[in-house]
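A.B. asks: For reference, the structure I am asking about is given below.
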Amino acid sequence: MAPVTNGRLLFNEIPTGYPEPGKTTVYDTSQTIDLENVSLRGGSLVKVLVLSSDPYLRGRMRDVTIPSYSPAFPIGEPLDNHGIGLVLRSEDPTLKAGDHVYGILPFEQYTIQERGARLHVLKNEVKIPWSTYIGVCGMPGQTAYCAWKEYALAKKGEVAFVTSGSGPVGATVIQLAKAEGLKVIASAGSDEKVAFIRSIGADVAFNYKKESTLEVLRKEGPINVFWDNVGGETLEAAIDTAAVGARFLMCGCISEYNGQPPYAVKNLSLIVGKQLKISGFIVFNLLAKYGQQFYAEIPKRVASGEIKYLEDATRGLENAGQAILDVQKGLNKGKKVIVVAEA
């Protein structure tokens with residue numbers, strides 16, 4: 001077989017605002033790969049099937065000298081993120097041709113993974129779509145499940161407020177909270193998204209662009225559990241309407257990711273008087289405790305229809321830059337996945 005093009009999405013320059021396709025990221029077709037003869041050097045050749053577009057990728061688009069919990073993208077190299085791949089050839093005894101694997105994969109059509117790479121072989125005994133393993137059954141679902149278990153300390157009859165409720169994290173949190181008997185208030189940025197979060201069980205669902213978050217919470221609260229994906233003015237409203245001893249799970253702050261001036265929260269002193277418990281977390285630090293339980297439980301609940309999800313697929317690696325931008329702007333409808341190749 002003649003060498004084939006190995007398309008890649010490269011990190012081209014550090015953005016000052018939103019990441020622009022063709023400027024921040026560039027699709028490159030200059031490389032080829034001989035799938036039958038390329039040296040594996042003891043590793044494996046993986047065909048990339050689907051990649052995840054997540055809000056946190058914006059934070060990796062920074063100077064490599066700036067420290068953070070996730071490594072910066074080197075300029076001129078392919079981006080990487082959670083993905084699903086198909087093993088084509090392997091010299092790694094833990095992998096064999098035909099295995100579907102989950103792990104951190106580069107934004108390229110084919111990749112050689114070194115021996116011992118942290119790739120998890122997916123058995124998929126419940127026969128759900130492979131893409132769900134980078135959504136509700138992958139890192140976003142793990143984020144919701146692990147942090148809820150660790151920090152929510154939820155009690156039946158309490159009130160939870162979930163932001164970005166139609167996304168893969170927020171939607172999973174809504175369903176976990178409802179399964180434990182909580183009243184759930186959830187927000188989203190369009191009427192279509194509000195309809196979805198209402199369909200998965202949110203008792204109060206509203207479009208924050210049309211209704212005041214503060215007024216909704218004052219009417220429907222006080223809140224006992226707050227899941228924050230947004231930060232800023234929404235955080236301020238949650239503090240204002242929190243019950244004494246409420247638990248705040250700080251998952252993200254997308255209102256500040258793309259160069260917007262940070263909103264100055266004006267009521268931080270209430271944290272003391274209300275004795276709020278504020279928990280910031282990184283999901284990877286919780287997987288040792290909850291990861292096995294997650295995989296034993298959540299794929300089955302998804303397969304049965306007990307946990308529902310919404311997926312928004314972008315097809316073609318050449319369109320991945322736009323998929324990344326869509327998530328930063330909140331244009332995605334559910335979990336944004338990039339379909340690189342069919343299984």
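Numbering starts fresh at 1 for the residues of each chain in the structure tokens, the chains themselves are lettered A, B, ... in the order given, and ligands are numbered from 1 as they appear.
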Which parts of range 112-331 of chain A does DSSP call strand (DSSP E) when run on the backbone here, written out as a CSV table (one decimal) with N, CA, C and O atoms, in the first residue's frame?

C.D. replies:
chain,number,residue,atom,x,y,z
A,112,ILE,N,1.3,6.9,16.1
A,112,ILE,CA,2.0,5.8,16.7
A,112,ILE,C,2.1,6.1,18.2
A,112,ILE,O,2.7,7.1,18.6
A,113,GLN,N,1.6,5.2,19.0
A,113,GLN,CA,1.6,5.3,20.4
A,113,GLN,C,2.7,4.4,21.0
A,113,GLN,O,2.8,3.2,20.6
A,120,HIS,N,-6.7,2.9,27.4
A,120,HIS,CA,-7.7,2.0,28.0
A,120,HIS,C,-8.4,1.2,27.0
A,120,HIS,O,-9.1,1.8,26.2
A,121,VAL,N,-8.3,-0.1,27.0
A,121,VAL,CA,-9.1,-0.9,26.0
A,121,VAL,C,-10.6,-0.9,26.4
A,121,VAL,O,-10.9,-1.3,27.5
A,159,VAL,N,-32.1,21.5,47.3
A,159,VAL,CA,-32.2,22.2,46.0
A,159,VAL,C,-30.8,22.3,45.4
A,159,VAL,O,-29.9,22.8,46.1
A,160,ALA,N,-30.7,21.9,44.2
A,160,ALA,CA,-29.4,22.0,43.4
A,160,ALA,C,-29.6,23.0,42.3
A,160,ALA,O,-30.6,23.0,41.6
A,161,PHE,N,-28.6,23.8,42.0
A,161,PHE,CA,-28.5,24.7,40.8
A,161,PHE,C,-27.4,24.3,40.0
A,161,PHE,O,-26.2,24.3,40.4
A,162,VAL,N,-27.6,24.0,38.7
A,162,VAL,CA,-26.6,23.5,37.8
A,162,VAL,C,-26.6,24.5,36.6
A,162,VAL,O,-27.6,24.7,35.9
A,183,LYS,N,-34.5,18.7,44.2
A,183,LYS,CA,-35.1,19.7,43.3
A,183,LYS,C,-34.0,20.3,42.5
A,183,LYS,O,-33.0,20.7,43.1
A,184,VAL,N,-34.1,20.3,41.2
A,184,VAL,CA,-33.0,20.8,40.4
A,184,VAL,C,-33.4,22.1,39.6
A,184,VAL,O,-34.4,22.0,38.9
A,185,ILE,N,-32.7,23.1,39.8
A,185,ILE,CA,-32.8,24.3,38.9
A,185,ILE,C,-31.6,24.3,38.0
A,185,ILE,O,-30.5,24.0,38.4
A,186,ALA,N,-31.8,24.5,36.7
A,186,ALA,CA,-30.7,24.5,35.7
A,186,ALA,C,-30.9,25.6,34.7
A,186,ALA,O,-32.0,25.9,34.3
A,187,SER,N,-29.8,26.1,34.2
A,187,SER,CA,-29.8,27.1,33.2
A,187,SER,C,-29.0,26.7,32.0
A,187,SER,O,-28.2,25.8,32.0
A,188,ALA,N,-29.4,27.4,30.9
A,188,ALA,CA,-28.7,27.1,29.6
A,188,ALA,C,-28.9,28.4,28.7
A,188,ALA,O,-29.7,29.3,29.1
A,204,VAL,N,-36.8,23.2,37.3
A,204,VAL,CA,-36.9,24.6,36.9
A,204,VAL,C,-35.8,24.8,35.9
A,204,VAL,O,-34.6,24.7,36.2
A,205,ALA,N,-36.1,25.1,34.6
A,205,ALA,CA,-35.2,25.3,33.6
A,205,ALA,C,-35.4,26.6,32.9
A,205,ALA,O,-36.5,27.0,32.6
A,206,PHE,N,-34.3,27.4,32.8
A,206,PHE,CA,-34.5,28.7,32.3
A,206,PHE,C,-33.3,29.2,31.4
A,206,PHE,O,-32.2,28.6,31.5
A,207,ASN,N,-33.6,30.1,30.5
A,207,ASN,CA,-32.6,30.7,29.6
A,207,ASN,C,-32.0,31.9,30.2
A,207,ASN,O,-32.7,32.9,30.4
A,223,ILE,N,-30.6,27.6,47.6
A,223,ILE,CA,-29.9,26.5,47.0
A,223,ILE,C,-29.0,25.8,48.0
A,223,ILE,O,-28.3,26.5,48.8
A,224,ASN,N,-28.9,24.5,48.0
A,224,ASN,CA,-28.0,23.7,48.9
A,224,ASN,C,-26.8,23.2,48.2
A,224,ASN,O,-25.7,23.0,48.8
A,225,VAL,N,-26.9,23.0,46.9
A,225,VAL,CA,-25.8,22.5,46.1
A,225,VAL,C,-25.7,23.4,44.8
A,225,VAL,O,-26.7,23.6,44.1
A,226,PHE,N,-24.5,23.9,44.5
A,226,PHE,CA,-24.3,24.7,43.3
A,226,PHE,C,-23.2,24.1,42.5
A,226,PHE,O,-22.1,23.9,43.0
A,227,TRP,N,-23.5,23.7,41.2
A,227,TRP,CA,-22.5,23.2,40.3
A,227,TRP,C,-22.2,24.3,39.3
A,227,TRP,O,-23.0,24.7,38.5
A,228,ASP,N,-21.0,24.9,39.4
A,228,ASP,CA,-20.6,26.0,38.6
A,228,ASP,C,-19.7,25.7,37.5
A,228,ASP,O,-18.6,25.2,37.6
A,242,ALA,N,-27.7,31.2,48.4
A,242,ALA,CA,-27.3,30.0,49.0
A,242,ALA,C,-27.8,29.8,50.4
A,242,ALA,O,-27.9,30.8,51.2
A,243,ALA,N,-28.2,28.6,50.8
A,243,ALA,CA,-28.6,28.3,52.1
A,243,ALA,C,-27.3,28.2,53.0
A,243,ALA,O,-26.2,28.0,52.5
A,244,VAL,N,-27.5,28.3,54.3
A,244,VAL,CA,-26.3,28.2,55.2
A,244,VAL,C,-25.8,26.7,55.0
A,244,VAL,O,-26.5,25.8,55.0
A,245,GLY,N,-24.5,26.6,54.9
A,245,GLY,CA,-23.8,25.3,54.7
A,245,GLY,C,-23.9,24.7,53.3
A,245,GLY,O,-23.6,23.6,53.1
A,246,ALA,N,-24.3,25.5,52.3
A,246,ALA,CA,-24.4,25.0,51.0
A,246,ALA,C,-23.0,24.6,50.4
A,246,ALA,O,-22.0,25.1,50.9
A,247,ARG,N,-23.1,23.6,49.5
A,247,ARG,CA,-21.8,23.1,48.9
A,247,ARG,C,-21.7,23.7,47.5
A,247,ARG,O,-22.7,23.5,46.7
A,248,PHE,N,-20.6,24.3,47.2
A,248,PHE,CA,-20.3,24.8,45.9
A,248,PHE,C,-19.3,24.0,45.2
A,248,PHE,O,-18.2,23.8,45.7
A,249,LEU,N,-19.6,23.4,44.0
A,249,LEU,CA,-18.7,22.5,43.3
A,249,LEU,C,-18.2,23.4,42.1
A,249,LEU,O,-19.0,23.6,41.1
A,250,MET,N,-17.0,23.8,42.1
A,250,MET,CA,-16.4,24.7,41.1
A,250,MET,C,-15.7,23.9,40.0
A,250,MET,O,-14.6,23.5,40.1
A,277,LYS,N,-19.3,25.8,51.7
A,277,LYS,CA,-18.2,24.9,51.5
A,277,LYS,C,-17.8,24.9,50.0
A,277,LYS,O,-18.6,24.5,49.1
A,278,ILE,N,-16.7,25.5,49.6
A,278,ILE,CA,-16.3,25.8,48.2
A,278,ILE,C,-15.3,24.7,47.8
A,278,ILE,O,-14.2,24.6,48.5
A,279,SER,N,-15.6,23.9,46.8
A,279,SER,CA,-14.7,22.8,46.4
A,279,SER,C,-14.3,23.0,45.0
A,279,SER,O,-15.1,22.8,44.1
A,280,GLY,N,-13.1,23.4,44.7
A,280,GLY,CA,-12.5,23.3,43.4
A,280,GLY,C,-11.9,21.9,43.2
A,280,GLY,O,-11.5,21.3,44.2
A,311,GLU,N,-25.6,14.8,21.9
A,311,GLU,CA,-24.3,14.8,21.2
A,311,GLU,C,-24.4,15.7,19.9
A,311,GLU,O,-25.4,15.7,19.2
A,312,ASP,N,-23.3,16.4,19.7
A,312,ASP,CA,-23.2,17.4,18.6
A,312,ASP,C,-21.9,17.0,17.8
A,312,ASP,O,-20.8,17.3,18.3
A,313,ALA,N,-22.1,16.4,16.7
A,313,ALA,CA,-20.9,15.8,16.0
A,313,ALA,C,-20.5,16.8,14.9
A,313,ALA,O,-21.3,17.2,14.0
A,314,THR,N,-19.2,17.0,14.8
A,314,THR,CA,-18.5,17.7,13.7
A,314,THR,C,-17.7,16.7,12.9
A,314,THR,O,-16.9,16.0,13.5
A,315,ARG,N,-18.0,16.6,11.6
A,315,ARG,CA,-17.3,15.5,10.9
A,315,ARG,C,-16.1,16.1,10.1
A,315,ARG,O,-16.2,17.1,9.4

A.B. asks: What lies within 12 Å of Val26 in chain A using only C-alpha atoms, ignoring chain neighbours under 4 positions off, as a list in words?

C.D. replies: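 Those residues are Gly7, Arg8, Leu9, Leu10, Phe11, Asn12, Glu13, Pro19, Glu20, Pro21, Gly22, Ser30, Ile75, Gly76, Glu77, Pro78, Leu79, Phe107, Glu108, Leu317, Glu318, Asn319, Ala320, Gly321 and Gln322 of chain A.
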
A.B. asks: Taking C-alpha atoms for each residue, export the selection above as a CSV table (one decimal), in the first residue's frame.

C.D. replies:
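Output file out-v2.csv is given in full below:
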chain,number,residue,atom,x,y,z
A,7,GLY,CA,-4.0,15.1,8.3
A,8,ARG,CA,-3.2,17.0,11.5
A,9,LEU,CA,-4.6,20.0,13.4
A,10,LEU,CA,-1.7,22.1,14.5
A,11,PHE,CA,-1.5,24.7,17.3
A,12,ASN,CA,-0.3,27.7,15.3
A,13,GLU,CA,-0.4,30.7,17.6
A,19,PRO,CA,-9.4,30.6,19.2
A,20,GLU,CA,-9.7,31.3,15.4
A,21,PRO,CA,-9.8,28.4,13.0
A,22,GLY,CA,-7.0,28.9,10.4
A,30,SER,CA,1.9,17.8,4.5
A,75,ILE,CA,3.3,25.7,18.8
A,76,GLY,CA,3.7,23.8,15.6
A,77,GLU,CA,2.6,20.5,17.1
A,78,PRO,CA,-0.8,18.7,16.9
A,79,LEU,CA,-3.3,19.4,19.6
A,107,PHE,CA,-5.4,15.6,16.5
A,108,GLU,CA,-4.1,13.5,13.6
A,317,LEU,CA,-10.5,16.7,11.3
A,318,GLU,CA,-10.3,19.7,8.9
A,319,ASN,CA,-13.3,21.1,10.8
A,320,ALA,CA,-11.9,20.5,14.3
A,321,GLY,CA,-10.8,24.2,14.7
A,322,GLN,CA,-14.4,25.3,14.3

A.B. asks: For the structure I just gave you, how does DSSP split range 106-232 of chain A - specifically, which residues are helix (DSSP H, G or I)? Reply as JSON, numbers by chain.

C.D. replies: {"A": [130, 131, 132, 133, 134, 139, 140, 141, 142, 143, 144, 145, 146, 147, 148, 149, 150, 151, 152, 168, 169, 170, 171, 172, 173, 174, 175, 176, 177, 178, 179, 191, 192, 193, 194, 195, 196, 197, 198, 199, 213, 214, 215, 216, 217, 218, 219, 220, 232]}

A.B. asks: Quick one: residues within 10 Å of Thr5 in chain A, only C-alpha atoms, excluding same-chain residues fewer than 3 positions away - as an NGL selection string?

C.D. replies: :A and (2 or 8 or 28-34 or 109-110)

A.B. asks: Distance CA of Glu215 in chain A-CA of Thr234 in chain A, one decimal place?

C.D. replies: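 Between CA of Glu215 in chain A and CA of Thr234 in chain A the gap works out to 11.3 Å.
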
A.B. asks: Counting only C-alpha atoms, what is within 8 Å of range 145-151 of chain A, bar same-chain residues fewer than 3 positions away, as a PDB file with all heavy atoms, in the first residue's frame?

C.D. replies:
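This went into selection.pdb:
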ATOM      1  N   GLY A 141     -18.469  12.852  31.807  1.00  0.00           N
ATOM      2  CA  GLY A 141     -19.285  12.072  32.728  1.00  0.00           C
ATOM      3  C   GLY A 141     -18.551  11.765  34.019  1.00  0.00           C
ATOM      4  O   GLY A 141     -19.137  11.799  35.112  1.00  0.00           O
ATOM      5  N   GLN A 142     -17.260  11.471  33.908  1.00  0.00           N
ATOM      6  CA  GLN A 142     -16.453  11.223  35.107  1.00  0.00           C
ATOM      7  C   GLN A 142     -16.395  12.466  35.985  1.00  0.00           C
ATOM      8  O   GLN A 142     -16.458  12.375  37.218  1.00  0.00           O
ATOM      9  CB  GLN A 142     -15.036  10.811  34.696  1.00  0.00           C
ATOM     10  CG  GLN A 142     -14.947   9.457  34.037  1.00  0.00           C
ATOM     11  CD  GLN A 142     -13.591   9.221  33.390  1.00  0.00           C
ATOM     12  OE1 GLN A 142     -12.808  10.154  33.203  1.00  0.00           O
ATOM     13  NE2 GLN A 142     -13.309   7.980  33.037  1.00  0.00           N
ATOM     14  N   THR A 172     -25.383  15.498  32.992  1.00  0.00           N
ATOM     15  CA  THR A 172     -25.175  14.331  33.848  1.00  0.00           C
ATOM     16  C   THR A 172     -25.421  14.687  35.306  1.00  0.00           C
ATOM     17  O   THR A 172     -26.049  13.918  36.053  1.00  0.00           O
ATOM     18  CB  THR A 172     -23.758  13.771  33.659  1.00  0.00           C
ATOM     19  OG1 THR A 172     -23.527  13.504  32.272  1.00  0.00           O
ATOM     20  CG2 THR A 172     -23.579  12.477  34.436  1.00  0.00           C
ATOM     21  N   VAL A 173     -24.968  15.858  35.727  1.00  0.00           N
ATOM     22  CA  VAL A 173     -25.197  16.298  37.107  1.00  0.00           C
ATOM     23  C   VAL A 173     -26.695  16.410  37.387  1.00  0.00           C
ATOM     24  O   VAL A 173     -27.174  15.976  38.443  1.00  0.00           O
ATOM     25  CB  VAL A 173     -24.494  17.641  37.377  1.00  0.00           C
ATOM     26  CG1 VAL A 173     -24.901  18.192  38.749  1.00  0.00           C
ATOM     27  CG2 VAL A 173     -22.987  17.485  37.302  1.00  0.00           C
ATOM     28  N   LEU A 176     -28.033  12.913  37.946  1.00  0.00           N
ATOM     29  CA  LEU A 176     -27.567  12.344  39.209  1.00  0.00           C
ATOM     30  C   LEU A 176     -28.324  12.963  40.382  1.00  0.00           C
ATOM     31  O   LEU A 176     -28.728  12.260  41.320  1.00  0.00           O
ATOM     32  CB  LEU A 176     -26.065  12.580  39.378  1.00  0.00           C
ATOM     33  CG  LEU A 176     -25.138  11.850  38.398  1.00  0.00           C
ATOM     34  CD1 LEU A 176     -23.696  12.294  38.611  1.00  0.00           C
ATOM     35  CD2 LEU A 176     -25.246  10.339  38.548  1.00  0.00           C
ATOM     36  N   ARG A 247     -23.054  23.645  49.547  1.00  0.00           N
ATOM     37  CA  ARG A 247     -21.833  23.138  48.937  1.00  0.00           C
ATOM     38  C   ARG A 247     -21.727  23.664  47.502  1.00  0.00           C
ATOM     39  O   ARG A 247     -22.651  23.494  46.710  1.00  0.00           O
ATOM     40  CB  ARG A 247     -21.808  21.607  48.920  1.00  0.00           C
ATOM     41  CG  ARG A 247     -21.562  20.981  50.282  1.00  0.00           C
ATOM     42  CD  ARG A 247     -22.808  20.945  51.156  1.00  0.00           C
ATOM     43  NE  ARG A 247     -23.822  20.040  50.604  1.00  0.00           N
ATOM     44  CZ  ARG A 247     -25.107  20.072  50.948  1.00  0.00           C
ATOM     45  NH1 ARG A 247     -25.556  20.955  51.826  1.00  0.00           N
ATOM     46  NH2 ARG A 247     -25.958  19.211  50.416  1.00  0.00           N
ATOM     47  N   LEU A 249     -19.607  23.364  44.043  1.00  0.00           N
ATOM     48  CA  LEU A 249     -18.681  22.537  43.279  1.00  0.00           C
ATOM     49  C   LEU A 249     -18.211  23.359  42.084  1.00  0.00           C
ATOM     50  O   LEU A 249     -18.977  23.614  41.148  1.00  0.00           O
ATOM     51  CB  LEU A 249     -19.359  21.246  42.824  1.00  0.00           C
ATOM     52  CG  LEU A 249     -19.569  20.167  43.901  1.00  0.00           C
ATOM     53  CD1 LEU A 249     -20.636  20.591  44.913  1.00  0.00           C
ATOM     54  CD2 LEU A 249     -19.985  18.839  43.260  1.00  0.00           C
ATOM     55  N   SER A 279     -15.581  23.892  46.848  1.00  0.00           N
ATOM     56  CA  SER A 279     -14.669  22.815  46.432  1.00  0.00           C
ATOM     57  C   SER A 279     -14.295  22.983  44.967  1.00  0.00           C
ATOM     58  O   SER A 279     -15.117  22.777  44.074  1.00  0.00           O
ATOM     59  CB  SER A 279     -15.313  21.443  46.648  1.00  0.00           C
ATOM     60  OG  SER A 279     -15.606  21.221  48.011  1.00  0.00           O
ATOM     61  N   PHE A 281     -11.905  21.411  41.985  1.00  0.00           N
ATOM     62  CA  PHE A 281     -11.412  20.038  41.796  1.00  0.00           C
ATOM     63  C   PHE A 281     -10.946  19.836  40.365  1.00  0.00           C
ATOM     64  O   PHE A 281     -11.352  20.543  39.449  1.00  0.00           O
ATOM     65  CB  PHE A 281     -12.514  19.019  42.126  1.00  0.00           C
ATOM     66  CG  PHE A 281     -13.716  19.112  41.212  1.00  0.00           C
ATOM     67  CD1 PHE A 281     -13.795  18.341  40.058  1.00  0.00           C
ATOM     68  CD2 PHE A 281     -14.762  19.978  41.501  1.00  0.00           C
ATOM     69  CE1 PHE A 281     -14.883  18.442  39.204  1.00  0.00           C
ATOM     70  CE2 PHE A 281     -15.859  20.082  40.657  1.00  0.00           C
ATOM     71  CZ  PHE A 281     -15.921  19.314  39.507  1.00  0.00           C
ATOM     72  N   VAL A 283     -10.779  16.467  37.882  1.00  0.00           N
ATOM     73  CA  VAL A 283     -11.356  15.123  37.888  1.00  0.00           C
ATOM     74  C   VAL A 283     -10.297  14.029  37.953  1.00  0.00           C
ATOM     75  O   VAL A 283     -10.502  12.980  38.572  1.00  0.00           O
ATOM     76  CB  VAL A 283     -12.276  14.917  36.664  1.00  0.00           C
ATOM     77  CG1 VAL A 283     -11.499  15.006  35.355  1.00  0.00           C
ATOM     78  CG2 VAL A 283     -13.003  13.576  36.754  1.00  0.00           C
ATOM     79  N   LEU A 286      -9.567  12.419  41.162  1.00  0.00           N
ATOM     80  CA  LEU A 286     -10.640  11.668  41.808  1.00  0.00           C
ATOM     81  C   LEU A 286     -10.831  10.277  41.206  1.00  0.00           C
ATOM     82  O   LEU A 286     -11.570   9.453  41.754  1.00  0.00           O
ATOM     83  CB  LEU A 286     -11.960  12.442  41.691  1.00  0.00           C
ATOM     84  CG  LEU A 286     -12.011  13.803  42.385  1.00  0.00           C
ATOM     85  CD1 LEU A 286     -13.314  14.522  42.030  1.00  0.00           C
ATOM     86  CD2 LEU A 286     -11.876  13.660  43.884  1.00  0.00           C
ATOM     87  N   LEU A 287     -10.166  10.010  40.087  1.00  0.00           N
ATOM     88  CA  LEU A 287     -10.426   8.751  39.371  1.00  0.00           C
ATOM     89  C   LEU A 287      -9.941   7.521  40.132  1.00  0.00           C
ATOM     90  O   LEU A 287     -10.539   6.450  40.022  1.00  0.00           O
ATOM     91  CB  LEU A 287      -9.783   8.801  37.988  1.00  0.00           C
ATOM     92  CG  LEU A 287     -10.460   9.738  36.985  1.00  0.00           C
ATOM     93  CD1 LEU A 287      -9.701   9.749  35.668  1.00  0.00           C
ATOM     94  CD2 LEU A 287     -11.916   9.345  36.759  1.00  0.00           C
ATOM     95  N   TYR A 290     -12.937   6.782  42.362  1.00  0.00           N
ATOM     96  CA  TYR A 290     -14.272   6.541  41.804  1.00  0.00           C
ATOM     97  C   TYR A 290     -14.272   5.964  40.385  1.00  0.00           C
ATOM     98  O   TYR A 290     -15.341   5.613  39.871  1.00  0.00           O
ATOM     99  CB  TYR A 290     -15.070   7.847  41.783  1.00  0.00           C
ATOM    100  CG  TYR A 290     -15.345   8.420  43.142  1.00  0.00           C
ATOM    101  CD1 TYR A 290     -14.667   9.564  43.597  1.00  0.00           C
ATOM    102  CD2 TYR A 290     -16.288   7.839  43.989  1.00  0.00           C
ATOM    103  CE1 TYR A 290     -14.926  10.103  44.843  1.00  0.00           C
ATOM    104  CE2 TYR A 290     -16.546   8.368  45.243  1.00  0.00           C
ATOM    105  CZ  TYR A 290     -15.871   9.506  45.658  1.00  0.00           C
ATOM    106  OH  TYR A 290     -16.132  10.036  46.904  1.00  0.00           O
ATOM    107  N   GLY A 291     -13.105   5.891  39.735  1.00  0.00           N
ATOM    108  CA  GLY A 291     -13.073   5.497  38.331  1.00  0.00           C
ATOM    109  C   GLY A 291     -13.652   4.119  38.057  1.00  0.00           C
ATOM    110  O   GLY A 291     -14.443   3.933  37.126  1.00  0.00           O
ATOM    111  N   PHE A 294     -17.343   4.162  38.411  1.00  0.00           N
ATOM    112  CA  PHE A 294     -17.943   4.879  37.292  1.00  0.00           C
ATOM    113  C   PHE A 294     -18.162   3.951  36.102  1.00  0.00           C
ATOM    114  O   PHE A 294     -19.258   3.889  35.525  1.00  0.00           O
ATOM    115  CB  PHE A 294     -17.053   6.054  36.892  1.00  0.00           C
ATOM    116  CG  PHE A 294     -17.460   6.742  35.619  1.00  0.00           C
ATOM    117  CD1 PHE A 294     -18.437   7.719  35.625  1.00  0.00           C
ATOM    118  CD2 PHE A 294     -16.861   6.402  34.417  1.00  0.00           C
ATOM    119  CE1 PHE A 294     -18.824   8.345  34.443  1.00  0.00           C
ATOM    120  CE2 PHE A 294     -17.233   7.021  33.234  1.00  0.00           C
ATOM    121  CZ  PHE A 294     -18.215   7.998  33.246  1.00  0.00           C
TER     122      PHE A 294
END

A.B. asks: Please report the interatomic distance between CA of Gly42 in chain A and CA of Ser90 in chain A in Å with one decimal.

C.D. replies: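 Separation between CA of Gly42 in chain A and CA of Ser90 in chain A: 7.6 Å.
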
A.B. asks: I'd like the contact shell of Arg301 in chain A - 12 Å cut-off, only C-alpha atoms, skipping same-chain residues fewer than 2 positions apart - returned as a compact mmCIF listing (two decimals) with N, CA and C atoms, in the first residue's frame.

C.D. replies:
# COMPACT_ATOMS: atom_id res chain seq x y z
N VAL A 126 -21.93 -3.17 26.65
CA VAL A 126 -23.32 -2.70 26.62
C VAL A 126 -23.70 -2.14 25.26
N ILE A 128 -22.98 0.59 23.37
CA ILE A 128 -23.36 1.99 23.15
C ILE A 128 -22.41 2.59 22.11
N VAL A 136 -20.55 11.31 27.94
CA VAL A 136 -21.18 10.93 29.21
C VAL A 136 -20.49 9.73 29.85
N CYS A 137 -19.86 8.88 29.06
CA CYS A 137 -19.12 7.73 29.61
C CYS A 137 -17.61 7.95 29.57
N GLY A 141 -18.47 12.85 31.81
CA GLY A 141 -19.28 12.07 32.73
C GLY A 141 -18.55 11.77 34.02
N THR A 172 -25.38 15.50 32.99
CA THR A 172 -25.18 14.33 33.85
C THR A 172 -25.42 14.69 35.31
N GLN A 175 -29.13 14.76 36.15
CA GLN A 175 -29.73 13.43 36.28
C GLN A 175 -29.28 12.71 37.55
N LEU A 176 -28.03 12.91 37.95
CA LEU A 176 -27.57 12.34 39.21
C LEU A 176 -28.32 12.96 40.38
N ALA A 179 -31.90 11.70 40.53
CA ALA A 179 -31.94 10.30 40.98
C ALA A 179 -31.82 10.22 42.50
N PHE A 294 -17.34 4.16 38.41
CA PHE A 294 -17.94 4.88 37.29
C PHE A 294 -18.16 3.95 36.10
N TYR A 295 -17.11 3.23 35.70
CA TYR A 295 -17.23 2.37 34.52
C TYR A 295 -18.16 1.18 34.77
N ALA A 296 -18.28 0.74 36.01
CA ALA A 296 -19.18 -0.36 36.32
C ALA A 296 -20.64 0.08 36.28
N GLU A 297 -20.88 1.37 36.50
CA GLU A 297 -22.25 1.86 36.67
C GLU A 297 -22.78 2.68 35.50
N ILE A 298 -22.04 3.68 35.07
CA ILE A 298 -22.60 4.67 34.15
C ILE A 298 -22.88 4.12 32.74
N PRO A 299 -21.97 3.37 32.09
CA PRO A 299 -22.32 2.86 30.76
C PRO A 299 -23.61 2.04 30.76
N ALA A 303 -26.87 2.88 28.58
CA ALA A 303 -27.43 1.88 27.66
C ALA A 303 -28.91 1.62 27.93
N SER A 304 -29.30 1.66 29.18
CA SER A 304 -30.70 1.40 29.54
C SER A 304 -31.60 2.60 29.28
N GLY A 305 -31.00 3.76 29.04
CA GLY A 305 -31.79 4.97 28.84
C GLY A 305 -32.06 5.73 30.12
N GLU A 306 -31.56 5.23 31.24
CA GLU A 306 -31.77 5.92 32.51
C GLU A 306 -31.06 7.26 32.52
N ILE A 307 -29.85 7.30 31.98
CA ILE A 307 -29.13 8.55 31.82
C ILE A 307 -29.11 8.91 30.34
N LYS A 308 -29.62 10.08 30.03
CA LYS A 308 -29.73 10.54 28.64
C LYS A 308 -28.63 11.57 28.35
N TYR A 309 -28.33 11.71 27.09
CA TYR A 309 -27.29 12.65 26.69
C TYR A 309 -27.62 13.23 25.32

A.B. asks: Identify which of the residues A:Gly83, A:Gly189, A:Gly170, A:Gly252 lies closest to Pro140 in chain A, counting only C-alpha atoms when measuring atom-to-atom distances.

C.D. replies: A:Gly170
